[in-house]
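> Pasting in a structure now, in structure tokens, and then I'll have a few things to ask.
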Amino acid sequence: MSDTISAARTGHALKKIHAAPTLAMRALYAVEYALFWSVMTLFRALGLKPASDLGGWLARKLGPMIPVTRRARRAMALAFPGMSEAERERHILAMWDNLGRMFAEYAHLDKIWAVKPGARIEIAGMEHALAAIAKGRGGLFISGHGGNWEVLARCIADVGLKGTLVYRPPNNPYVDAWIAKQRRIGLPTLAAKGGDGARVIIKTLKENAFIAMLVDQKANDGISVPLFGRPAMTSPAAPSLSIRHKAPIVPAWCERLPDQRFRVTVYPEIQVPDTGDKGRDTYELALRLNQFLEARIAENPANWLWLHSRWPKG
């Protein structure tokens with residue numbers, strides 16, 4: 001409940017910023033958006049492959065020099081203490097390549113689909129999602145920032161299922177509107193994190209549809225749950241929703257393949273504990289989700305976004 005209250009407050013704060021920005025803020029937003037729009041227009045004009053290649057090249061050249069890369073180096077050293085520094089650097093460079101490509105691919109999300117002829121997304125294990133939704137209680141399609149995570153929602157729609165994408169809006173409302181339009185290519189219904197979004201989420205579950213969520217970011221108001229053996233502040237939102245509404249959790253993961261192609265693997269439903277102790281069950285389910293993330297990240301560390309501050313400095 002505290003997570004929902006905090007999210008609602010955050011949502012109200014963002015609405016205030018978006019609804020009544022000062023003149024200086026509006027000017028800054030306009031300049032930011034003009035630059036963002038110019039870059040996206042260039043990527044669109046280049047075509048999918050050249051844009052992705054350029055985005056990857058730029059990120060490989062510039063990313064390692066950006067101060068936030070120190071966070072990625074520290075995080076990877078904590079998660080994989082036995083890995084050599086040279087190997088970690090290779091993974092971090094590949095991470096930047098993936099991030100740059102993904103940024104450029106925002107301009108081409110309408111060209112990336114599954115199932116139909118010309119599909120760039122191959123899906124494995126979608127029978128797990130179909131079995132979960134057949135229970136009639138909706139479901140949570142859970143993942144993390146792996147590969148191009150924006151294509152995950154597209155998989156739900158392309159196999160004929162309905163759903164809502166939960167996302168954290170950027171502060172700039174103009175950029176937010178542009179990205180939201182691209183995201184609706186995958187799922188037409190979006191729910192920004194916050195009070196209004198929470199109502200959309202509940203409505204989606206009642207309609208026996210999927211909630212698509214990423215659960216690997218730090219939550220300052222969350223609960224401390226181990227990730228790679230270290231305490232990490234973890235959002236209880238997905239476990240709480242699952243327990244409260246008896247909605248099954250179906251984890252999925254996106255991997256980048258060569259030539260702007262992707263593999264989305266849907267895994268068996270994560271069993272929800274039912275001890276009668278809600279707090280204990282929420283923790284246990286959050287732990288199971290973190291263990292899922294650990295396993296996927298360990299399979300290919302370069303495929304995950306290491307820039308989040310997942311562990312406190314010690």
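Ordering of the structure tokens sets the chain letters (A, B, ...), residue numbers begin anew at 1 in every chain, and ligands are numbered from 1 in the order given.
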Apply DSSP to the backbone of this structure and, from stretch 56-303 of chain A, keep only the residues in strand (DSSP E or B); write these as number ranges by chain.
A: 114, 121-124, 139-143, 146, 163-167, 189-192, 210-214, 218-227, 230-234, 249-257, 261-266, 270
> I need the alpha helix (DSSP H) residues of stretch 12-244 of chain A per DSSP on the backbone, written as number ranges by chain.
A: 12-19, 23-46, 48-62, 69-79, 85-105, 126-133, 152-158, 173-183, 195-206, 237-244
> Here is a test: counting only C-alpha atoms, which residue of A:His245, A:Arg154, A:Lys111, A:Arg26 is nearest to A:Tyr174?
A:Arg26
> List the spatial neighbours of A:Arg263 as JSON, numbers by chain - criterion: any atom at most 7 Å away, only C-alpha atoms, same-chain residues fewer than 4 positions off excluded.
{"A": [121, 122, 123, 254, 255, 256, 257]}
> Could you write out that same residue set with N, CA and C atoms as a PDB file, in the first residue's frame?

```pdb
ATOM      1  N   ILE A 121      10.807 -10.240 -34.590  1.00  0.00           N
ATOM      2  CA  ILE A 121      10.767 -10.795 -33.237  1.00  0.00           C
ATOM      3  C   ILE A 121      10.368 -12.255 -33.324  1.00  0.00           C
ATOM      4  N   GLU A 122      11.208 -13.125 -32.801  1.00  0.00           N
ATOM      5  CA  GLU A 122      10.815 -14.519 -32.665  1.00  0.00           C
ATOM      6  C   GLU A 122      10.443 -14.769 -31.210  1.00  0.00           C
ATOM      7  N   ILE A 123       9.346 -15.486 -31.020  1.00  0.00           N
ATOM      8  CA  ILE A 123       8.825 -15.708 -29.676  1.00  0.00           C
ATOM      9  C   ILE A 123       8.907 -17.195 -29.339  1.00  0.00           C
ATOM     10  N   CYS A 254      13.944 -10.383 -23.271  1.00  0.00           N
ATOM     11  CA  CYS A 254      14.271 -10.039 -24.652  1.00  0.00           C
ATOM     12  C   CYS A 254      15.776 -10.089 -24.856  1.00  0.00           C
ATOM     13  N   GLU A 255      16.197 -10.749 -25.935  1.00  0.00           N
ATOM     14  CA  GLU A 255      17.609 -10.801 -26.320  1.00  0.00           C
ATOM     15  C   GLU A 255      17.766 -10.167 -27.698  1.00  0.00           C
ATOM     16  N   ARG A 256      18.810  -9.404 -27.856  1.00  0.00           N
ATOM     17  CA  ARG A 256      19.114  -8.847 -29.173  1.00  0.00           C
ATOM     18  C   ARG A 256      19.838  -9.889 -30.015  1.00  0.00           C
ATOM     19  N   LEU A 257      19.379 -10.044 -31.242  1.00  0.00           N
ATOM     20  CA  LEU A 257      20.016 -10.915 -32.210  1.00  0.00           C
ATOM     21  C   LEU A 257      20.646 -10.052 -33.307  1.00  0.00           C
TER      22      LEU A 257
END
```
> Using only C-alpha atoms, which residues of stretch 140-168 of chain A come within 12 Å of stretch 298-312 of chain A, and what is the closest atom pair for each, with the distance in Å to one decimal? Give it as a tab-separated table, sorted by chain and residue number.

```
residue	atom	partner	partner_atom	distance
A:Ser143	CA	A:Trp304	CA	11.1
A:Gly144	CA	A:Trp304	CA	8.0
A:His145	CA	A:Leu305	CA	5.7
A:Gly146	CA	A:Trp304	CA	4.5
A:Gly147	CA	A:Asn303	CA	5.4
A:Asn148	CA	A:Asn303	CA	9.0
A:Trp149	CA	A:Trp304	CA	9.8
```
> Choose the residue, out of A:Ala94, A:Val115, A:Ile156, A:Leu99, that has the smallest atom-to-atom separation from A:Leu130; count only C-alpha atoms.
A:Ile156
> Measuring atom to atom with only C-alpha atoms, identify which of A:Ala132, A:Ala177, A:Leu187, A:Cys155 is nearest to A:Val250.
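Nearest to A:Val250: A:Ala132.
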> Excluding A:Leu285 and its own-chain neighbours fewer than 4 positions away, which residues fall within 7 Å of it when counting only C-alpha atoms? Please give them as a list in words.
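Using only C-alpha atoms, the neighbours found are Pro239, Val272, Pro273, Asp281 and Leu289 of chain A.
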> Can I get the selected residues back with C-alpha atoms, as a PDB file, in the first residue's frame?

```
ATOM      1  CA  PRO A 239       4.058  -9.056  -6.130  1.00  0.00           C
ATOM      2  CA  VAL A 272       2.760 -17.260  -5.957  1.00  0.00           C
ATOM      3  CA  PRO A 273       3.354 -18.216  -2.293  1.00  0.00           C
ATOM      4  CA  ASP A 281       4.474 -13.705   0.618  1.00  0.00           C
ATOM      5  CA  LEU A 289      11.427 -12.251  -9.467  1.00  0.00           C
TER       6      LEU A 289
END
```
> Pick out the closest residue to A:Arg244 from this set: A:Gly195, A:Gly125, A:Gly56, A:Gly276. Count only C-alpha atoms.
A:Gly276
> For A:Leu227, list every protein, DNA or RNA residue within 12 Å, evaluated using only C-alpha atoms, and leave out those in the same chain fewer than 4 positions away; present the list as a ChimeraX atom specification.
/A:75-76,78-80,216-218,223,231-234,286-295,297-298,310-312
> Near A:Val151, counting only C-alpha atoms, which residues have an atom at most 9 Å away, once you skip same-chain residues fewer than 5 positions from it, shown as number ranges by chain?
A: 109, 112-113, 121, 183, 186, 254, 262, 264
> Could you take the residues named above and write them with N, CA and C atoms, as a CSV table (one decimal), in the first residue's frame?

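again22.csv written:
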```csv
chain,number,residue,atom,x,y,z
A,109,LEU,N,9.9,1.6,-34.4
A,109,LEU,CA,9.1,0.5,-33.7
A,109,LEU,C,8.0,0.0,-34.5
A,112,ILE,N,9.0,-3.3,-36.4
A,112,ILE,CA,9.5,-4.4,-35.6
A,112,ILE,C,8.2,-5.1,-35.0
A,113,TRP,N,7.9,-6.3,-35.5
A,113,TRP,CA,6.8,-7.0,-35.1
A,113,TRP,C,7.1,-8.5,-35.0
A,121,ILE,N,10.8,-10.2,-34.6
A,121,ILE,CA,10.8,-10.8,-33.2
A,121,ILE,C,10.4,-12.3,-33.3
A,183,ARG,N,5.2,3.8,-28.3
A,183,ARG,CA,4.8,2.7,-27.5
A,183,ARG,C,3.5,2.1,-27.8
A,186,GLY,N,2.9,-0.9,-30.0
A,186,GLY,CA,2.9,-2.2,-29.4
A,186,GLY,C,1.7,-2.5,-28.6
A,254,CYS,N,13.9,-10.4,-23.3
A,254,CYS,CA,14.3,-10.0,-24.7
A,254,CYS,C,15.8,-10.1,-24.9
A,262,PHE,N,15.2,-9.9,-32.8
A,262,PHE,CA,15.1,-10.1,-31.3
A,262,PHE,C,14.5,-11.4,-31.0
A,264,VAL,N,12.3,-13.1,-28.0
A,264,VAL,CA,11.6,-12.9,-26.7
A,264,VAL,C,11.2,-14.3,-26.2
```
> Grab the atom CA of A:Glu207 to atom CA of A:Gly138 distance for me, in Å with one decimal place.
6.8 Å
> What does the distance from atom CA of A:Ala153 to atom CA of A:Thr282 come to in Å, to one decimal?
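Calculated distance between atom CA of A:Ala153 and atom CA of A:Thr282 is 24.8 Å.
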> Which is closer to A:Ala104 than all the others in A:Gly197, A:Pro258, A:Gly55, A:Pro236, using only C-alpha atoms?
A:Gly55
> Would you mind telling me which residue in A:His128, A:Arg90, A:Lys181, A:Arg74 lies nearest to A:Ile270 when using only C-alpha atoms?
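Checking each candidate against A:Ile270, we get A:His128 as the closest.
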